[in-house]
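Q: What follows is target-v7.cif; its format and atoms are mmCIF, C-alpha atoms.
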```
data_protein
loop_
_atom_site.label_atom_id
_atom_site.label_comp_id
_atom_site.auth_asym_id
_atom_site.auth_seq_id
_atom_site.Cartn_x
_atom_site.Cartn_y
_atom_site.Cartn_z
CA MET D 1 95.34 84.07 134.27
CA SER D 2 98.42 86.09 135.15
CA GLU D 3 100.55 83.44 136.83
CA SER D 4 104.08 83.83 135.58
CA VAL D 5 105.83 81.60 133.08
CA PRO D 6 109.54 80.79 133.63
CA VAL D 7 111.90 83.06 131.66
CA LEU D 8 114.56 81.19 129.67
CA ASP D 9 117.57 82.82 128.04
CA PHE D 10 117.25 82.99 124.24
CA GLY D 11 119.81 85.79 123.75
CA THR D 12 118.38 88.67 121.70
CA MET D 13 115.19 86.58 121.24
CA THR D 14 114.46 86.24 124.97
CA GLU D 15 111.66 88.82 125.11
CA VAL D 16 109.95 87.45 122.01
CA VAL D 17 110.04 83.88 123.34
CA GLN D 18 108.62 85.15 126.63
CA PHE D 19 105.83 86.94 124.73
CA LEU D 20 105.04 83.74 122.78
CA MET D 21 104.84 81.70 125.98
CA GLU D 22 102.52 84.35 127.46
CA LEU D 23 100.29 84.03 124.38
CA ASP D 24 99.73 80.36 125.27
CA LYS D 25 97.24 81.64 127.88
CA LEU D 26 94.81 82.84 125.18
CA LYS D 27 94.01 79.15 124.59
CA ARG D 28 92.33 79.16 128.01
CA VAL D 29 89.98 82.09 127.38
CA GLU D 30 86.49 80.73 126.73
CA ARG D 31 84.00 82.34 124.37
CA ARG D 32 80.22 81.76 124.46
CA THR D 33 80.22 79.93 121.13
CA ARG D 34 80.64 76.15 121.10
CA LEU D 35 82.20 74.06 118.33
CA ILE D 36 79.73 72.90 115.66
CA GLY D 37 78.11 69.64 116.78
CA ASN D 38 80.26 69.56 119.90
CA SER D 39 79.70 70.47 123.52
CA ARG D 40 82.98 72.28 124.11
CA HIS D 41 83.22 76.08 124.21
CA GLU D 42 85.42 77.72 121.62
CA ASN D 43 88.49 79.54 122.95
CA SER D 44 89.87 82.87 121.81
CA ALA D 45 93.10 81.43 120.32
CA GLU D 46 91.37 79.01 117.96
CA HIS D 47 88.77 81.71 117.19
CA SER D 48 91.63 84.04 116.17
CA TRP D 49 92.89 81.36 113.78
CA HIS D 50 89.41 80.88 112.37
CA LEU D 51 88.97 84.63 111.89
CA ALA D 52 92.33 84.89 110.08
CA MET D 53 91.26 82.01 107.81
CA ALA D 54 87.89 83.73 107.17
CA ALA D 55 89.69 86.96 106.26
CA LEU D 56 91.95 85.12 103.82
CA SER D 57 89.20 83.02 102.30
CA LEU D 58 86.62 85.77 101.84
CA ALA D 59 89.10 88.41 100.63
CA PRO D 60 87.97 88.14 96.98
CA PHE D 61 84.45 89.13 98.10
CA ALA D 62 85.50 92.02 100.33
CA GLY D 63 85.07 94.66 97.67
CA ALA D 64 87.57 97.49 98.06
CA ASN D 65 91.33 97.13 97.73
CA ILE D 66 92.14 95.48 101.01
CA ASP D 67 95.68 94.92 102.32
CA ILE D 68 94.98 91.35 103.35
CA GLN D 69 98.31 90.97 105.15
CA ARG D 70 97.32 93.70 107.61
CA VAL D 71 93.86 92.20 108.06
CA VAL D 72 95.31 88.77 108.85
CA GLN D 73 97.73 90.28 111.36
CA MET D 74 94.89 92.21 113.05
CA ALA D 75 92.82 89.02 113.21
CA LEU D 76 95.71 87.18 114.88
CA LEU D 77 96.23 89.98 117.40
CA HIS D 78 92.72 91.29 118.03
CA ASP D 79 91.88 89.16 121.10
CA VAL D 80 95.30 88.94 122.78
CA VAL D 81 94.16 91.41 125.46
CA GLU D 82 91.58 88.84 126.62
CA ILE D 83 94.43 87.01 128.38
CA ASP D 84 93.94 89.63 131.11
CA ALA D 85 90.49 91.04 130.39
CA GLY D 86 88.52 87.92 129.39
CA ASP D 87 85.91 87.58 126.66
CA VAL D 88 82.68 89.57 126.90
CA LEU D 89 79.58 88.63 124.88
CA VAL D 90 79.10 90.90 121.86
CA TYR D 91 75.52 91.70 123.00
CA ASP D 92 76.56 92.67 126.54
CA LEU D 93 77.05 96.38 125.79
CA ALA D 94 77.52 97.45 129.42
CA GLY D 95 80.04 94.67 130.01
CA ARG D 96 82.01 95.64 126.94
CA GLU D 97 82.13 99.28 128.01
CA ALA D 98 83.27 98.27 131.51
CA VAL D 99 86.08 96.08 130.20
CA HIS D 100 87.58 98.69 127.90
CA ASP D 101 90.09 100.10 130.41
CA GLU D 102 91.19 96.57 131.33
CA GLU D 103 91.84 95.87 127.67
CA ILE D 104 94.04 98.95 127.34
CA ALA D 105 96.02 97.90 130.43
CA ALA D 106 96.32 94.38 128.98
CA ALA D 107 97.64 95.73 125.68
CA ASN D 108 100.22 97.76 127.61
CA ARG D 109 101.31 94.74 129.63
CA ILE D 110 101.29 92.03 126.96
CA PHE D 111 102.73 93.96 123.99
CA GLY D 112 105.06 95.55 126.56
CA LEU D 113 106.83 92.20 126.87
CA LEU D 114 108.27 92.72 123.37
CA PRO D 115 111.30 94.71 122.18
CA ALA D 116 110.38 98.24 121.01
CA ALA D 117 110.07 97.57 117.26
CA GLN D 118 107.65 94.64 117.50
CA ARG D 119 105.82 96.21 120.43
CA GLU D 120 105.04 99.29 118.37
CA ARG D 121 104.11 97.28 115.29
CA PHE D 122 101.68 95.02 117.14
CA ARG D 123 100.23 97.83 119.24
CA THR D 124 99.62 99.96 116.14
CA LEU D 125 97.79 97.04 114.53
CA TRP D 126 95.71 96.40 117.66
CA ASP D 127 94.85 100.13 117.95
CA GLU D 128 93.88 100.18 114.27
CA TYR D 129 91.56 97.21 114.82
CA GLU D 130 90.00 98.80 117.89
CA ALA D 131 89.45 102.16 116.16
CA GLY D 132 87.72 100.39 113.25
CA GLU D 133 88.30 103.26 110.85
CA THR D 134 90.46 101.88 108.05
CA ALA D 135 89.04 99.59 105.36
CA GLU D 136 91.19 96.76 106.78
CA ALA D 137 89.97 97.22 110.37
CA ARG D 138 86.36 97.45 109.20
CA TYR D 139 86.71 94.24 107.19
CA ALA D 140 88.28 92.41 110.16
CA ASN D 141 85.59 93.80 112.48
CA MET D 142 82.76 92.75 110.19
CA LEU D 143 84.11 89.22 109.96
CA ASP D 144 84.54 89.06 113.73
CA ARG D 145 80.78 89.67 113.92
CA ALA D 146 79.81 87.52 110.93
CA LEU D 147 81.80 84.41 111.84
CA PRO D 148 80.01 83.63 115.15
CA ILE D 149 76.69 84.27 113.40
CA MET D 150 77.67 81.72 110.74
CA LEU D 151 78.73 79.24 113.43
CA ASN D 152 75.43 79.70 115.27
CA LEU D 153 73.46 79.27 112.04
CA HIS D 154 75.26 75.94 111.49
CA ASN D 155 74.87 74.89 115.12
CA GLU D 156 71.13 75.27 115.79
CA GLY D 157 71.59 78.74 117.28
CA GLN D 158 73.48 77.34 120.27
CA SER D 159 74.91 80.52 121.84
CA TRP D 160 71.77 82.57 121.03
CA ARG D 161 69.60 79.99 122.78
CA GLU D 162 71.96 79.68 125.75
CA ASN D 163 72.11 83.45 126.22
CA GLY D 164 68.49 84.33 125.33
CA ILE D 165 69.47 86.55 122.38
CA ARG D 166 66.75 88.24 120.29
CA LEU D 167 66.82 88.68 116.50
CA GLU D 168 66.46 92.41 117.09
CA GLN D 169 69.76 92.46 119.04
CA VAL D 170 71.64 90.75 116.24
CA VAL D 171 70.18 93.15 113.68
CA ASN D 172 70.99 96.21 115.82
CA ARG D 173 74.57 95.12 116.50
CA ASN D 174 75.22 94.56 112.81
CA GLN D 175 73.93 97.73 111.20
CA ARG D 176 77.40 98.62 110.05
CA LEU D 177 77.87 95.20 108.44
CA ALA D 178 74.46 95.57 106.76
CA ARG D 179 75.49 98.96 105.36
CA GLN D 180 79.05 98.11 104.39
CA TRP D 181 78.69 94.56 103.12
CA PRO D 182 75.08 94.30 101.92
CA GLU D 183 75.66 91.11 99.90
CA LEU D 184 76.85 89.17 102.95
CA TRP D 185 74.22 90.73 105.21
CA GLN D 186 71.39 89.88 102.83
CA HIS D 187 72.18 86.17 103.22
CA LEU D 188 72.85 86.38 106.95
CA HIS D 189 69.59 88.27 107.51
CA GLN D 190 67.54 85.74 105.57
CA HIS D 191 69.06 82.86 107.60
CA LEU D 192 68.58 84.82 110.84
CA GLN D 193 64.88 85.22 110.10
CA SER D 194 64.50 81.52 109.47
CA ALA D 195 66.52 80.83 112.67
CA GLN D 196 63.97 82.90 114.59
CA GLN D 197 61.13 80.90 113.02
CA LYS D 198 62.82 77.73 114.29
CA GLY D 199 63.02 79.23 117.79
CA TRP D 200 66.84 79.54 117.84
CA LEU D 201 66.51 83.31 118.40
CA GLN D 202 63.78 85.07 120.35
CA MET Z 203 85.55 63.68 111.95
CA SER Z 204 83.87 63.75 108.57
CA GLU Z 205 80.21 64.15 109.60
CA SER Z 206 78.65 66.71 107.31
CA VAL Z 207 77.81 70.28 108.21
CA PRO Z 208 74.55 71.78 106.80
CA VAL Z 209 75.06 73.83 103.61
CA LEU Z 210 73.44 77.27 103.69
CA ASP Z 211 73.02 79.51 100.67
CA PHE Z 212 75.41 82.48 100.68
CA GLY Z 213 75.19 83.20 96.94
CA THR Z 214 78.64 83.38 95.35
CA MET Z 215 80.16 82.92 98.84
CA THR Z 216 78.44 79.60 99.54
CA GLU Z 217 81.49 77.40 98.95
CA VAL Z 218 83.78 79.60 101.02
CA VAL Z 219 81.33 79.64 103.95
CA GLN Z 220 81.07 75.86 103.68
CA PHE Z 221 84.89 75.60 103.74
CA LEU Z 222 85.04 77.85 106.82
CA MET Z 223 82.47 75.71 108.65
CA GLU Z 224 84.48 72.60 107.73
CA LEU Z 225 87.59 74.24 109.23
CA ASP Z 226 85.80 74.37 112.59
CA LYS Z 227 86.68 70.65 112.91
CA LEU Z 228 90.41 71.42 113.24
CA LYS Z 229 89.60 72.69 116.76
CA ARG Z 230 88.87 69.07 117.69
CA VAL Z 231 92.20 67.59 116.55
CA GLU Z 232 94.35 66.95 119.61
CA ARG Z 233 98.12 67.28 119.65
CA ARG Z 234 100.43 65.65 122.21
CA THR Z 235 101.44 68.98 123.73
CA ARG Z 236 99.45 70.36 126.66
CA LEU Z 237 98.92 74.03 127.54
CA ILE Z 238 101.57 75.46 129.86
CA GLY Z 239 100.55 74.82 133.47
CA ASN Z 240 97.30 73.21 132.36
CA SER Z 241 96.11 69.67 131.91
CA ARG Z 242 94.36 70.12 128.59
CA HIS Z 243 95.90 68.98 125.30
CA GLU Z 244 96.54 71.65 122.71
CA ASN Z 245 94.50 71.38 119.51
CA SER Z 246 95.72 71.94 115.96
CA ALA Z 247 93.64 75.10 115.36
CA GLU Z 248 95.03 77.02 118.34
CA HIS Z 249 98.50 75.65 117.52
CA SER Z 250 98.16 77.09 114.00
CA TRP Z 251 97.36 80.49 115.52
CA HIS Z 252 100.34 80.20 117.86
CA LEU Z 253 102.63 79.26 114.97
CA ALA Z 254 101.43 82.22 112.89
CA MET Z 255 102.11 84.50 115.88
CA ALA Z 256 105.58 82.97 116.30
CA ALA Z 257 106.33 83.56 112.61
CA LEU Z 258 105.25 87.20 112.90
CA SER Z 259 107.03 87.84 116.17
CA LEU Z 260 110.35 86.19 115.30
CA ALA Z 261 110.49 87.54 111.73
CA PRO Z 262 113.19 90.15 112.56
CA PHE Z 263 115.48 87.29 113.69
CA ALA Z 264 114.83 85.03 110.71
CA GLY Z 265 117.83 86.27 108.74
CA ALA Z 266 117.18 86.20 104.99
CA ASN Z 267 114.57 88.32 103.24
CA ILE Z 268 111.43 86.44 104.15
CA ASP Z 269 107.99 87.17 102.67
CA ILE Z 270 106.28 87.08 106.04
CA GLN Z 271 102.80 87.23 104.53
CA ARG Z 272 103.37 83.89 102.80
CA VAL Z 273 104.85 82.38 105.96
CA VAL Z 274 101.81 83.43 108.01
CA GLN Z 275 99.44 82.00 105.41
CA MET Z 276 101.37 78.70 105.37
CA ALA Z 277 101.24 78.58 109.18
CA LEU Z 278 97.47 79.10 109.11
CA LEU Z 279 97.00 76.36 106.50
CA HIS Z 280 99.69 73.82 107.36
CA ASP Z 281 97.62 71.52 109.60
CA VAL Z 282 94.20 71.77 107.90
CA VAL Z 283 94.65 68.24 106.48
CA GLU Z 284 94.61 66.90 110.05
CA ILE Z 285 90.82 67.31 110.00
CA ASP Z 286 90.84 64.00 108.09
CA ALA Z 287 94.30 62.58 108.82
CA GLY Z 288 94.76 63.47 112.50
CA ASP Z 289 97.94 64.64 114.23
CA VAL Z 290 100.97 62.35 114.34
CA LEU Z 291 103.81 62.87 116.83
CA VAL Z 292 106.86 64.47 115.20
CA TYR Z 293 109.08 61.63 116.54
CA ASP Z 294 106.83 58.86 115.14
CA LEU Z 295 108.62 58.58 111.79
CA ALA Z 296 106.77 55.44 110.64
CA GLY Z 297 103.42 56.96 111.57
CA ARG Z 298 104.20 60.14 109.67
CA GLU Z 299 105.19 58.19 106.56
CA ALA Z 300 102.01 56.11 106.79
CA VAL Z 301 99.75 59.15 107.04
CA HIS Z 302 101.20 60.95 104.04
CA ASP Z 303 98.70 59.59 101.49
CA GLU Z 304 95.81 60.41 103.81
CA GLU Z 305 97.07 63.98 104.04
CA ILE Z 306 97.13 64.32 100.25
CA ALA Z 307 93.57 62.97 100.04
CA ALA Z 308 92.56 65.39 102.81
CA ALA Z 309 94.10 68.34 100.94
CA ASN Z 310 92.15 67.31 97.82
CA ARG Z 311 88.89 67.04 99.75
CA ILE Z 312 89.14 70.09 102.00
CA PHE Z 313 90.67 72.63 99.61
CA GLY Z 314 88.36 71.08 96.99
CA LEU Z 315 85.41 72.67 98.81
CA LEU Z 316 86.60 76.09 97.57
CA PRO Z 317 86.06 77.86 94.23
CA ALA Z 318 88.97 77.33 91.81
CA ALA Z 319 90.95 80.51 92.51
CA GLN Z 320 91.16 80.11 96.30
CA ARG Z 321 91.53 76.34 96.01
CA GLU Z 322 94.64 76.76 93.87
CA ARG Z 323 96.07 79.52 96.05
CA PHE Z 324 95.68 77.54 99.28
CA ARG Z 325 96.80 74.28 97.73
CA THR Z 326 99.93 75.92 96.30
CA LEU Z 327 100.77 77.30 99.75
CA TRP Z 328 100.19 73.94 101.42
CA ASP Z 329 102.32 72.16 98.79
CA GLU Z 330 105.06 74.75 99.30
CA TYR Z 331 105.00 74.16 103.06
CA GLU Z 332 105.12 70.37 102.59
CA ALA Z 333 108.00 70.54 100.10
CA GLY Z 334 110.00 72.72 102.51
CA GLU Z 335 112.26 74.09 99.80
CA THR Z 336 111.66 77.84 99.76
CA ALA Z 337 113.07 80.13 102.44
CA GLU Z 338 109.50 80.82 103.62
CA ALA Z 339 108.57 77.13 103.91
CA ARG Z 340 111.82 76.35 105.72
CA TYR Z 341 111.23 79.18 108.20
CA ALA Z 342 107.65 78.00 108.86
CA ASN Z 343 108.88 74.40 109.20
CA MET Z 344 111.64 75.31 111.64
CA LEU Z 345 109.19 77.23 113.83
CA ASP Z 346 106.73 74.33 113.72
CA ARG Z 347 109.52 72.25 115.30
CA ALA Z 348 110.86 74.95 117.63
CA LEU Z 349 107.53 76.07 119.11
CA PRO Z 350 106.58 72.73 120.75
CA ILE Z 351 110.17 72.46 122.07
CA MET Z 352 109.79 75.90 123.65
CA LEU Z 353 106.41 74.92 125.12
CA ASN Z 354 107.91 71.73 126.57
CA LEU Z 355 110.86 73.64 128.02
CA HIS Z 356 108.39 75.95 129.79
CA ASN Z 357 106.15 73.07 130.88
CA GLU Z 358 108.54 70.67 132.63
CA GLY Z 359 109.01 68.58 129.49
CA GLN Z 360 105.39 67.38 129.62
CA SER Z 361 105.00 65.76 126.19
CA TRP Z 362 108.55 64.36 126.21
CA ARG Z 363 107.91 62.71 129.57
CA GLU Z 364 104.49 61.42 128.52
CA ASN Z 365 105.86 59.93 125.29
CA GLY Z 366 109.26 58.73 126.56
CA ILE Z 367 111.25 60.95 124.18
CA ARG Z 368 115.07 60.93 124.28
CA LEU Z 369 117.31 63.97 123.87
CA GLU Z 370 118.94 62.18 120.94
CA GLN Z 371 115.60 62.04 119.09
CA VAL Z 372 115.05 65.78 119.48
CA VAL Z 373 118.58 66.49 118.27
CA ASN Z 374 118.25 64.15 115.27
CA ARG Z 375 114.88 65.57 114.20
CA ASN Z 376 116.23 69.11 114.31
CA GLN Z 377 119.48 68.88 112.38
CA ARG Z 378 118.10 71.16 109.72
CA LEU Z 379 117.09 73.76 112.30
CA ALA Z 380 120.57 73.49 113.88
CA ARG Z 381 122.18 74.10 110.48
CA GLN Z 382 119.88 76.80 109.21
CA TRP Z 383 119.19 78.79 112.37
CA PRO Z 384 122.24 78.21 114.58
CA GLU Z 385 121.49 81.13 116.92
CA LEU Z 386 118.09 79.74 117.87
CA TRP Z 387 119.40 76.17 118.02
CA GLN Z 388 122.27 77.09 120.31
CA HIS Z 389 119.80 78.29 122.97
CA LEU Z 390 117.37 75.41 122.42
CA HIS Z 391 120.17 72.86 122.65
CA GLN Z 392 121.51 74.31 125.88
CA HIS Z 393 118.02 74.21 127.45
CA LEU Z 394 117.46 70.68 126.09
CA GLN Z 395 120.63 69.47 127.81
CA SER Z 396 119.53 70.95 131.09
CA ALA Z 397 116.05 69.43 130.57
CA GLN Z 398 117.70 66.02 130.25
CA GLN Z 399 119.61 66.64 133.46
CA LYS Z 400 116.27 67.34 135.17
CA GLY Z 401 114.89 64.06 133.81
CA TRP Z 402 112.37 65.69 131.46
CA LEU Z 403 114.02 63.91 128.50
CA GLN Z 404 115.60 60.48 128.55
#
```
Can you give me the file's structure in the form of structure tokens?
A:
Amino acid sequence: MSESVPVLDFGTMTEVVQFLMELDKLKRVERRTRLIGNSRHENSAEHSWHLAMAALSLAPFAGANIDIQRVVQMALLHDVVEIDAGDVLVYDLAGREAVHDEEIAAANRIFGLLPAAQRERFRTLWDEYEAGETAEARYANMLDRALPIMLNLHNEGQSWRENGIRLEQVVNRNQRLARQWPELWQHLHQHLQSAQQKGWLQ
Amino acid sequence: MSESVPVLDFGTMTEVVQFLMELDKLKRVERRTRLIGNSRHENSAEHSWHLAMAALSLAPFAGANIDIQRVVQMALLHDVVEIDAGDVLVYDLAGREAVHDEEIAAANRIFGLLPAAQRERFRTLWDEYEAGETAEARYANMLDRALPIMLNLHNEGQSWRENGIRLEQVVNRNQRLARQWPELWQHLHQHLQSAQQKGWLQ
């Protein structure tokens, strides 16, 4: 993934253009989810777009006073580190732990392509998302969990079936969502139970 | 493209979830551009993410006082109508004219899935982008032109070569960019001339 892209002179914009060309590589990072009704795997760039659209569209239901601009920016940035570190399944807890240092190194390298002001702005947003402590980061995090569940529910449980996921795992990994956004969780949980009855989840 | 997606009950969020599942189809709309160093065509969903990232990253160079939040939202929304109308090459002027009515019908259908408040918000943003009259819409429009040029310049002129594009066409289609963002155009134009010398553009 780290083959180099030619550097062209864009004056004071050179570093930013270089960063944008580097971002093109996120379109090659495959997730486990496939498109609805389609055999192709989703990639992390189009997922980031979908997550930003989910954040915008569901904002009126998010409860607290959310700075939606910051949420959208976190959604756009949250997976950029996967250019170096790859995508790890949300239920692979050991794999996610193992990849954490790689993600930090990736953030250093990729945001490091930018001039200081943007580098700090984007890194601060990415750190905020990772820490998951502000209302905005929590909202973005919850949607990053909820969106693949919604896709699976509309796609006959495709990635659960392919990866042998159990209902219990989904429930355990989403306790925070259940606590913090009970209205959304209530519907998800009901559909998850009926997905299990259909054999889409073990 | 318009096969229907199952509708699941999410209470007051049902329409928004349905809209989000409909958006999944934008990941299937192919553009003429390919990924840098890769044989696959770019799709309109990942392009929309890339455009939103370009808007965020280049904001400090955009000159006037730009409401970046609105630009990012326009970038995320600008191609949603392609779910029904498909992508038309920027240099195919007759094709773009012909598809205009389809895009309006697509905006009615797709944003029409949403409850009134979000429908009006998203439609207003899409209309603003299409009209191209505000500073924010012009900035988003210019980047929507500039980004594929940058990708082509970093990818041996791939979509120009594949579609037999002439330097003159690129210059003519970007007169507004040249006028409104001369610093960016100066660099693009210089690289375009050297691309022509390499035979990437006719």
Q: Which residues of chain D have any atom within 6 Å of an atom in chain Z when counting all atoms listed in the file, and what is the closest pair of atoms for each, with the distance in Å to one decimal? Order the rows by chain and rising number and write it as a Markdown table.
A:
```
| residue | atom | partner | partner_atom | distance |
| --- | --- | --- | --- | --- |
| D:Phe10 | CA | Z:His389 | CA | 5.5 |
| D:Ala45 | CA | Z:Glu248 | CA | 5.2 |
| D:Glu46 | CA | Z:Glu248 | CA | 4.2 |
| D:Trp49 | CA | Z:Trp251 | CA | 4.9 |
| D:Gln69 | CA | Z:Gln271 | CA | 5.9 |
| D:His187 | CA | Z:Phe212 | CA | 5.5 |
```
Q: Could you check how far atom CA of Gly86 of chain D sits from atom CA of His100 of chain D, in Å to one decimal?
A: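 Computing it gives 10.9 Å between the two atoms.
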Q: Spell out the residues picked by the PyMOL selection byres ((chain D and resi 163) around 10) here, as a list in words.
A: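 Taken on the displayed file, the PyMOL selection byres ((chain D and resi 163) around 10) yields the residues Arg32, Leu89, Tyr91, Gln158, Ser159, Trp160, Arg161, Glu162, Gly164, Ile165, Arg166 and Leu201 of chain D.
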Q: Given all atoms listed in the file as the basis, pick out the residue of D:Asp87, D:Glu30, D:Asp79, D:Glu15 nearest to Tyr129 of chain D.
A: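 With all atoms listed in the file as the atom set, the closest residue is D:Asp79.
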Q: To box segment 278-288 of chain Z, take all atoms listed in the file, fit an axis-aligned box, add 5 Å on each side, and give centre and edge lengths in Å to one decimal, as JSON.
A:
```
{"center_x": 95.3, "center_y": 70.8, "center_z": 109.5, "size_x": 18.9, "size_y": 26.5, "size_z": 16.0}
```
Q: Tell me, in Å to one decimal, how far atom CA of Gln399 of chain Z is from atom CA of Gln371 of chain Z.
A: 15.6 Å
Q: Between atom CA of Glu335 of chain Z and atom CA of Asp303 of chain Z, what is the spacing in Å?
A: 19.9 Å
Q: Do you know which residues are at most 12 Å from Met142 of chain D counting all atoms listed in the file, after dropping those on the same chain fewer than 2 positions away, and could you put them as an MDAnalysis selection string?
A: chainID D and resid 51 54:55 58 62 71 75 129 132:133 135:140 144:149 173:182 184:185
Q: Could you tell me which of Z:Lys400, Z:Val372, Z:Trp328, Z:Ile312 comes closest to Asp294 of chain Z if we count all atoms listed in the file?
A: Z:Val372
